[in-house]
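Peer 1: File name my_file-v7.cif; file contents mmCIF, C-alpha atoms; full text below.
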```cif
data_run
#
loop_
_atom_site.label_atom_id
_atom_site.label_comp_id
_atom_site.auth_asym_id
_atom_site.auth_seq_id
_atom_site.Cartn_x
_atom_site.Cartn_y
_atom_site.Cartn_z
CA MET A 1 93.78 113.30 86.59
CA SER A 2 94.96 110.26 84.62
CA GLN A 3 97.35 110.52 81.72
CA ASN A 4 94.53 109.55 79.39
CA ASP A 5 92.12 112.16 80.68
CA PRO A 6 90.73 113.77 77.53
CA GLY A 7 90.09 116.96 79.47
CA ARG A 8 93.85 117.72 79.64
CA THR A 9 94.50 120.68 77.42
CA GLU A 10 97.69 122.06 78.98
CA PRO A 11 100.95 121.09 77.29
CA VAL A 12 103.24 118.93 79.39
CA HIS A 13 106.58 120.57 80.15
CA HIS A 14 109.41 118.17 80.82
CA ARG A 15 112.20 119.51 82.98
CA PRO A 16 115.45 117.59 82.68
CA PHE A 17 116.39 118.43 86.29
CA PRO A 18 114.39 119.30 89.37
CA GLU A 19 114.34 122.94 90.38
CA ASP A 20 117.21 123.45 92.78
CA ASP A 21 118.38 126.70 94.26
CA ARG A 22 120.15 125.27 97.27
CA PRO A 23 123.38 127.09 98.10
CA ILE A 24 126.57 125.61 96.69
CA LEU A 25 129.58 124.79 98.84
CA HIS A 26 132.53 125.13 96.47
CA VAL A 27 135.74 123.41 97.51
CA CYS A 28 139.00 124.37 95.83
CA LEU A 29 140.57 121.15 94.53
CA THR A 30 143.92 122.71 93.69
CA CYS A 31 144.83 124.18 97.10
CA ARG A 32 148.20 123.03 98.45
CA GLN A 33 148.97 123.14 102.15
CA ARG A 34 151.20 126.04 103.25
CA ASP A 35 152.99 127.02 106.41
CA ALA A 36 152.23 130.11 108.49
CA GLU A 37 154.41 132.21 106.15
CA GLY A 38 152.42 131.07 103.12
CA GLN A 39 155.13 128.83 101.70
CA VAL A 40 153.99 125.61 100.00
CA ILE A 41 154.84 122.61 102.19
CA GLU A 42 153.13 120.01 100.03
CA THR A 43 154.32 118.54 96.77
CA GLY A 44 152.47 115.21 96.62
CA GLU A 45 149.12 114.21 95.22
CA PRO A 46 146.25 114.32 95.91
CA ARG A 47 146.49 117.92 97.01
CA ALA A 48 145.07 119.12 100.31
CA GLY A 49 142.12 120.76 98.56
CA THR A 50 141.20 117.52 96.83
CA ARG A 51 141.50 115.66 100.12
CA LEU A 52 139.23 118.23 101.77
CA HIS A 53 136.69 117.84 98.98
CA ASP A 54 136.75 114.05 99.22
CA ALA A 55 136.39 114.11 103.00
CA LEU A 56 133.40 116.47 102.68
CA ALA A 57 131.87 114.25 100.00
CA ALA A 58 132.08 111.34 102.44
CA PHE A 59 130.42 113.19 105.32
CA VAL A 60 127.90 115.60 103.76
CA PRO A 61 124.46 114.03 104.40
CA ASP A 62 122.35 113.06 101.40
CA ASP A 63 119.65 115.45 102.60
CA ALA A 64 122.00 118.38 103.22
CA PRO A 65 120.46 121.79 102.45
CA PHE A 66 123.42 122.64 100.23
CA ILE A 67 125.26 121.12 97.27
CA LEU A 68 128.95 120.20 97.31
CA ARG A 69 131.05 121.00 94.25
CA GLY A 70 134.73 120.81 93.51
CA VAL A 71 136.27 123.76 91.68
CA GLU A 72 139.67 124.43 90.17
CA CYS A 73 141.12 127.39 92.06
CA LEU A 74 139.25 129.98 94.12
CA SER A 75 142.29 132.31 93.86
CA ASN A 76 143.03 132.15 97.58
CA CYS A 77 146.22 130.10 97.22
CA LYS A 78 148.06 131.93 100.02
CA ARG A 79 145.55 130.91 102.68
CA ALA A 80 144.65 127.36 101.57
CA CYS A 81 142.54 125.27 102.00
CA THR A 82 139.58 127.26 100.70
CA VAL A 83 135.82 126.95 100.33
CA GLY A 84 133.21 129.32 98.90
CA LEU A 85 129.51 129.48 99.79
CA THR A 86 127.26 130.97 97.15
CA SER A 87 123.58 131.35 96.29
CA PRO A 88 121.61 133.60 93.93
CA THR A 89 119.76 135.25 96.82
CA ARG A 90 122.42 135.34 99.53
CA TRP A 91 125.75 137.02 100.19
CA SER A 92 128.60 134.81 98.98
CA TYR A 93 131.47 134.04 101.37
CA VAL A 94 134.99 132.69 100.87
CA TYR A 95 136.79 131.01 103.76
CA GLY A 96 140.42 129.98 103.98
CA ASP A 97 143.02 128.59 106.41
CA LEU A 98 141.05 125.34 106.49
CA ASP A 99 142.43 121.91 107.35
CA PRO A 100 141.64 119.00 105.00
CA GLU A 101 140.75 116.75 107.94
CA ALA A 102 140.07 118.80 111.08
CA SER A 103 137.77 121.37 109.46
CA VAL A 104 135.28 118.99 107.85
CA ASP A 105 132.60 118.94 110.58
CA ASP A 106 132.68 122.71 111.09
CA ILE A 107 132.46 123.41 107.36
CA ILE A 108 129.33 121.23 107.12
CA ALA A 109 127.86 122.97 110.18
CA GLY A 110 128.64 126.41 108.80
CA ALA A 111 127.23 125.63 105.36
CA THR A 112 124.05 124.28 106.97
CA LEU A 113 123.63 127.47 109.02
CA TYR A 114 124.22 129.54 105.86
CA ALA A 115 121.53 127.60 103.99
CA GLY A 116 119.11 128.33 106.84
CA THR A 117 119.36 132.10 106.40
CA GLU A 118 117.45 134.35 104.03
CA ASP A 119 120.43 136.51 103.11
CA GLY A 120 123.43 134.31 103.87
CA ILE A 121 124.45 136.31 106.93
CA VAL A 122 124.75 133.99 109.92
CA PRO A 123 124.99 135.91 113.23
CA TRP A 124 128.67 136.31 114.06
CA ARG A 125 128.62 134.37 117.35
CA GLU A 126 126.85 131.42 115.75
CA ARG A 127 129.48 130.93 113.05
CA PRO A 128 132.04 128.16 113.52
CA GLN A 129 135.31 129.62 114.77
CA ILE A 130 137.12 128.54 111.59
CA PHE A 131 134.69 130.74 109.63
CA ARG A 132 135.16 133.70 111.99
CA LYS A 133 138.95 133.50 111.80
CA GLY A 134 139.24 132.36 108.20
CA VAL A 135 136.90 134.71 106.37
CA ILE A 136 138.63 135.88 103.18
CA ALA A 137 135.92 137.95 101.50
CA ARG A 138 132.21 138.25 100.88
CA ILE A 139 130.17 139.59 97.94
CA PRO A 140 126.56 140.82 97.94
CA PRO A 141 123.97 138.88 95.95
CA PHE A 142 123.19 140.26 92.53
CA PRO A 143 120.04 142.36 92.96
CA THR A 144 116.84 140.74 91.76
CA ALA A 145 115.25 144.14 91.21
CA SER A 146 116.93 145.78 88.26
CA LEU A 147 119.07 148.80 88.89
CA SER A 148 118.66 152.18 87.32
CA ALA A 149 121.17 153.26 84.73
CA ALA A 150 122.85 155.84 86.93
CA PRO A 151 125.66 154.65 89.18
CA ALA A 152 124.10 153.63 92.49
CA VAL A 153 125.57 155.29 95.54
CA ALA A 154 123.44 153.71 98.27
CA PRO A 155 125.47 151.05 100.06
CA ALA A 156 124.14 147.53 100.52
CA ARG A 157 123.22 147.60 104.21
CA ALA A 158 124.53 144.47 105.82
CA SER A 159 127.52 145.22 107.98
CA GLU A 160 129.56 142.43 109.53
CA ASP A 161 128.51 143.09 113.12
CA GLN A 162 130.92 141.02 115.16
CA SER A 163 128.83 141.45 118.31
CA ALA A 164 125.69 139.85 116.84
CA MET B 1 98.50 153.17 68.69
CA SER B 2 96.77 155.79 70.85
CA GLN B 3 95.77 155.13 74.44
CA ASN B 4 92.13 155.26 73.34
CA ASP B 5 92.53 152.72 70.57
CA PRO B 6 89.62 150.31 71.12
CA GLY B 7 91.60 147.57 69.38
CA ARG B 8 94.06 147.28 72.29
CA THR B 9 93.44 144.00 74.05
CA GLU B 10 96.84 143.27 75.60
CA PRO B 11 97.36 144.37 79.19
CA VAL B 12 100.05 146.99 79.64
CA HIS B 13 102.93 145.90 81.85
CA HIS B 14 104.79 148.69 83.55
CA ARG B 15 108.33 147.97 84.61
CA PRO B 16 109.62 150.37 87.22
CA PHE B 17 113.24 149.93 86.03
CA PRO B 18 114.82 149.01 82.73
CA GLU B 19 116.23 145.50 82.44
CA ASP B 20 119.83 145.65 83.54
CA ASP B 21 122.20 142.77 84.01
CA ARG B 22 125.42 144.73 83.73
CA PRO B 23 128.12 143.56 86.15
CA ILE B 24 128.35 145.43 89.44
CA LEU B 25 131.59 146.93 90.72
CA HIS B 26 131.20 146.88 94.50
CA VAL B 27 133.46 149.20 96.48
CA CYS B 28 133.91 148.66 100.19
CA LEU B 29 133.09 151.96 101.90
CA THR B 30 134.39 150.92 105.31
CA CYS B 31 137.97 149.95 104.36
CA ARG B 32 140.65 151.78 106.35
CA GLN B 33 144.17 152.14 105.00
CA ARG B 34 146.74 149.78 106.54
CA ASP B 35 150.49 149.43 106.44
CA ALA B 36 152.38 146.47 104.97
CA GLU B 37 151.91 144.56 108.23
CA GLY B 38 148.15 145.03 108.10
CA GLN B 39 147.98 147.57 110.93
CA VAL B 40 145.41 150.36 110.61
CA ILE B 41 147.16 153.66 109.85
CA GLU B 42 144.02 155.72 109.33
CA THR B 43 141.66 157.06 111.96
CA GLY B 44 140.01 159.99 110.18
CA GLU B 45 136.92 160.28 108.02
CA PRO B 46 136.05 159.74 105.27
CA ARG B 47 137.70 156.36 105.23
CA ALA B 48 139.92 155.25 102.36
CA GLY B 49 137.19 152.97 101.01
CA THR B 50 134.72 155.84 100.85
CA ARG B 51 137.32 158.03 99.15
CA LEU B 52 137.96 155.27 96.60
CA HIS B 53 134.23 154.97 95.94
CA ASP B 54 133.81 158.71 95.52
CA ALA B 55 136.80 158.93 93.17
CA LEU B 56 135.38 156.11 91.07
CA ALA B 57 131.95 157.78 91.04
CA ALA B 58 133.61 160.88 89.63
CA PHE B 59 135.49 159.05 86.86
CA VAL B 60 133.27 156.12 85.81
CA PRO B 61 131.75 157.15 82.44
CA ASP B 62 127.98 157.46 82.22
CA ASP B 63 127.97 154.77 79.53
CA ALA B 64 130.22 152.35 81.42
CA PRO B 65 129.35 148.67 80.86
CA PHE B 66 129.17 148.13 84.64
CA ILE B 67 127.39 149.66 87.63
CA LEU B 68 129.21 151.19 90.60
CA ARG B 69 127.89 150.47 94.08
CA GLY B 70 129.15 151.23 97.56
CA VAL B 71 128.91 148.41 100.11
CA GLU B 72 129.55 148.18 103.83
CA CYS B 73 132.37 145.69 104.27
CA LEU B 74 133.56 143.04 101.84
CA SER B 75 135.31 141.23 104.73
CA ASN B 76 138.78 141.86 103.34
CA CYS B 77 139.81 144.38 106.00
CA LYS B 78 143.42 143.16 106.20
CA ARG B 79 144.15 143.98 102.56
CA ALA B 80 142.14 147.20 102.08
CA CYS B 81 141.05 148.94 99.92
CA THR B 82 138.78 146.38 98.32
CA VAL B 83 136.45 146.01 95.34
CA GLY B 84 134.30 143.12 94.13
CA LEU B 85 133.14 142.41 90.58
CA THR B 86 130.00 140.32 90.27
CA SER B 87 127.43 139.26 87.69
CA PRO B 88 124.82 136.50 87.53
CA THR B 89 126.53 134.83 84.57
CA ARG B 90 130.21 135.44 85.34
CA TRP B 91 132.78 134.42 87.91
CA SER B 92 132.89 136.96 90.76
CA TYR B 93 136.24 138.42 91.79
CA VAL B 94 137.44 140.29 94.89
CA TYR B 95 140.52 142.51 94.66
CA GLY B 96 142.43 144.17 97.51
CA ASP B 97 145.57 146.18 98.24
CA LEU B 98 144.04 149.05 96.24
CA ASP B 99 144.90 152.71 96.62
CA PRO B 100 142.05 155.22 96.94
CA GLU B 101 143.67 157.55 94.42
CA ALA B 102 146.27 155.73 92.33
CA SER B 103 144.15 152.67 91.51
CA VAL B 104 141.10 154.44 90.08
CA ASP B 105 141.99 154.27 86.37
CA ASP B 106 143.10 150.64 86.50
CA ILE B 107 139.97 149.57 88.40
CA ILE B 108 137.78 151.16 85.72
CA ALA B 109 139.87 149.50 82.99
CA GLY B 110 139.71 146.12 84.72
CA ALA B 111 135.95 146.33 85.32
CA THR B 112 135.42 147.27 81.66
CA LEU B 113 137.45 144.25 80.50
CA TYR B 114 135.46 142.02 82.89
CA ALA B 115 132.17 143.29 81.47
CA GLY B 116 133.42 142.44 77.97
CA THR B 117 133.82 138.74 78.75
CA GLU B 118 131.23 135.99 78.67
CA ASP B 119 132.36 134.29 81.86
CA GLY B 120 134.20 137.03 83.76
CA ILE B 121 137.62 135.52 83.13
CA VAL B 122 139.89 138.13 81.55
CA PRO B 123 143.11 136.60 80.14
CA TRP B 124 145.79 136.90 82.80
CA ARG B 125 148.18 139.08 80.81
CA GLU B 126 145.42 141.55 79.93
CA ARG B 127 144.46 142.23 83.53
CA PRO B 128 145.71 145.42 85.16
CA GLN B 129 148.72 144.65 87.36
CA ILE B 130 146.83 145.73 90.48
CA PHE B 131 144.28 142.97 89.73
CA ARG B 132 147.01 140.38 89.13
CA LYS B 133 148.79 141.19 92.36
CA GLY B 134 145.74 142.01 94.45
CA VAL B 135 143.38 139.13 93.71
CA ILE B 136 141.81 137.99 96.97
CA ALA B 137 139.34 135.33 95.82
CA ARG B 138 136.94 134.35 93.07
CA ILE B 139 133.65 132.42 93.08
CA PRO B 140 131.97 130.61 90.17
CA PRO B 141 128.62 131.89 88.90
CA PHE B 142 125.58 130.09 90.23
CA PRO B 143 124.66 127.54 87.54
CA THR B 144 121.72 128.50 85.37
CA ALA B 145 120.98 124.86 84.60
CA SER B 146 119.63 123.26 87.74
CA LEU B 147 121.80 120.71 89.46
CA SER B 148 120.80 117.18 90.23
CA ALA B 149 120.07 116.31 93.84
CA ALA B 150 123.21 114.27 94.34
CA PRO B 151 126.35 116.11 95.42
CA ALA B 152 128.20 117.13 92.27
CA VAL B 153 131.77 116.01 92.01
CA ALA B 154 132.74 117.44 88.65
CA PRO B 155 134.85 120.57 89.10
CA ALA B 156 134.01 123.84 87.41
CA ARG B 157 136.61 123.97 84.67
CA ALA B 158 138.12 127.40 84.54
CA SER B 159 141.61 127.39 85.94
CA GLU B 160 143.50 130.63 86.53
CA ASP B 161 146.06 130.13 83.79
CA GLN B 162 148.68 132.76 84.50
CA SER B 163 150.28 132.32 81.09
CA ALA B 164 147.15 133.18 79.10
#
```
Could you show the structure in this file as structure tokens?

Peer 2:
Amino acid sequence: MSQNDPGRTEPVHHRPFPEDDRPILHVCLTCRQRDAEGQVIETGEPRAGTRLHDALAAFVPDDAPFILRGVECLSNCKRACTVGLTSPTRWSYVYGDLDPEASVDDIIAGATLYAGTEDGIVPWRERPQIFRKGVIARIPPFPTASLSAAPAVAPARASEDQSA
Amino acid sequence: MSQNDPGRTEPVHHRPFPEDDRPILHVCLTCRQRDAEGQVIETGEPRAGTRLHDALAAFVPDDAPFILRGVECLSNCKRACTVGLTSPTRWSYVYGDLDPEASVDDIIAGATLYAGTEDGIVPWRERPQIFRKGVIARIPPFPTASLSAAPAVAPARASEDQSA
């Protein structure tokens, strides 16, 4: 149908951005490198977290199934460097103990696997080792079906089965 | 308007649940108590996480501005007990090092403060001390405005200002 087609009766809705619900890979820009005891061993700039972000920005493919974003502080300072994977329909994960250079390929691989799941739960054995050892926390997705007013007692069934 | 009113022309939409976007307070049911070195010191049932959940269920007011939910594992086993606060429009937070009895009142207070914010960020000095000392991680809300296809480089501006 051409733009001049007089049969067009529907209003035209302009969307400023394309629809996009790809997962987001958040990278903490403010993380400083620490030693095994958690003491800061870095005083210069740019910080390790910023270096990790910039290295990821250089290597994440243009057609990656996730979006890279820098963020100021993921509140995991003691186990820097830190990333967070999040999505409206998936469990969110935070990973720490990451290296600003050596972890880049595995972070991209892990984020790609995450994006390929329905619920964000990649089978344990398929996760990069840095994600298995460096998991900090996870949070269930906000339910799309509304909850009843009474406090819910049924647990969200998605255990972290480390044999899967 | 009675059900037999012949003037009714609109279809009737039944919603099985009321709209509800209150934040959710997730409580890890599978947390076991650990000592200061992170070693499990609890072998019995119910686990500390389940006891924390049940204590919260007993004390959360019916008109609380958040919803309580049990969850199997928030992947913060080393710093149990653990809760997570989440909302579609707010930063999500995970807190650990919680006590199944002593922390109940402060968790309810902290979750209530969280629900009273627009973005989930309670000023640092107003947070219960167990939240200040026990923060494990936080994750930005998924953006409601769609993102462009290119990797975003602008950080989410919401630093954890510990003087606020």

Peer 1: Would you please work out which residue, of A:Arg132, A:His53, A:Arg69, A:Arg90, is nearest to chain B when using all atoms listed in the file?

Peer 2: A:Arg69

Peer 1: Take the PyMOL selection byres ((chain B and resi 106-121) around 8), run it mentally on this structure, and tell me the resulting residues as a ChimeraX atom specification.

Peer 2: /B:22-23,25,56,60,64-66,85,89-92,103-105,122-123,127-128,130-131

Peer 1: Calculated over all atoms listed in the file, which of the candidates A:Gly84, A:Glu72, A:Asp62, A:Pro100 has the smallest distance to Ala48 (chain A)?

Peer 2: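 Nearest to Ala48 (chain A): A:Pro100.
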
Peer 1: Can you spell out as a list in words the set of residues that the PyMOL selection byres ((chain B and resi 47) around 8) selects in the structure I just provided?

Peer 2: Leu29, Thr30, Cys31, Arg32, Gln33, Glu42, Thr43, Gly44, Glu45, Pro46, Ala48, Gly49, Thr50 and Arg51 of chain B

Peer 1: Restricting the calculation to all atoms listed in the file: of B:Ala102, B:Ile67, B:Val83, B:Ala137, which residue gets closest to Ala55 (chain B)?

Peer 2: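 Using all atoms listed in the file, the shortest distance to Ala55 (chain B) belongs to B:Ala102.
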
Peer 1: From the set A:Ala36, A:Ala57, A:Trp124, A:Asp99, which residue has the shortest atom-to-atom contact distance to chain B, counting only C-alpha atoms?

Peer 2: A:Ala57

Peer 1: Just to confirm, what's the straight-line distance from CA of Glu101 (chain B) to CA of Gly134 (chain A) in Å (one decimal)?

Peer 2: 29.1 Å

Peer 1: Any idea what the distance is between CA of Asn76 (chain B) and CA of Ile136 (chain A)?

Peer 2: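 About the pair CA of Asn76 (chain B) and CA of Ile136 (chain A): they are 6.0 Å apart.
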
Peer 1: Ranking B:Cys28, B:Gly38, B:Leu68, B:Pro141 by minimum distance to chain A and counting all atoms listed in the file, which one comes first?

Peer 2: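 The closest residue to chain A is B:Leu68.
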
Peer 1: Quote the spacing between CA of Phe142 (chain A) and CA of Asp21 (chain B) in Å to one decimal place.

Peer 2: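 Atom-to-atom, CA of Phe142 (chain A) and CA of Asp21 (chain B) are spaced 8.9 Å apart.
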
Peer 1: With all atoms listed in the file as the basis for distance, which of A:Leu98, A:Leu52, A:Pro88, A:Glu37 is at the shortest distance from chain B?

Peer 2: A:Pro88

Peer 1: Give me the residues near Lys133 (chain A) as a PDB file with C-alpha atoms, keeping the file's coordinate frame, where near means some atom within 9 Å (using only C-alpha atoms) and where sequence neighbours in that chain fewer than 6 positions away do not count.

Peer 2:
```pdb
ATOM      1  CA  TYR A  95     136.790 131.010 103.760  1.00  0.00           C
ATOM      2  CA  GLY A  96     140.420 129.980 103.980  1.00  0.00           C
ATOM      3  CA  ASP A  97     143.020 128.590 106.410  1.00  0.00           C
TER       4      ASP A  97
END
```
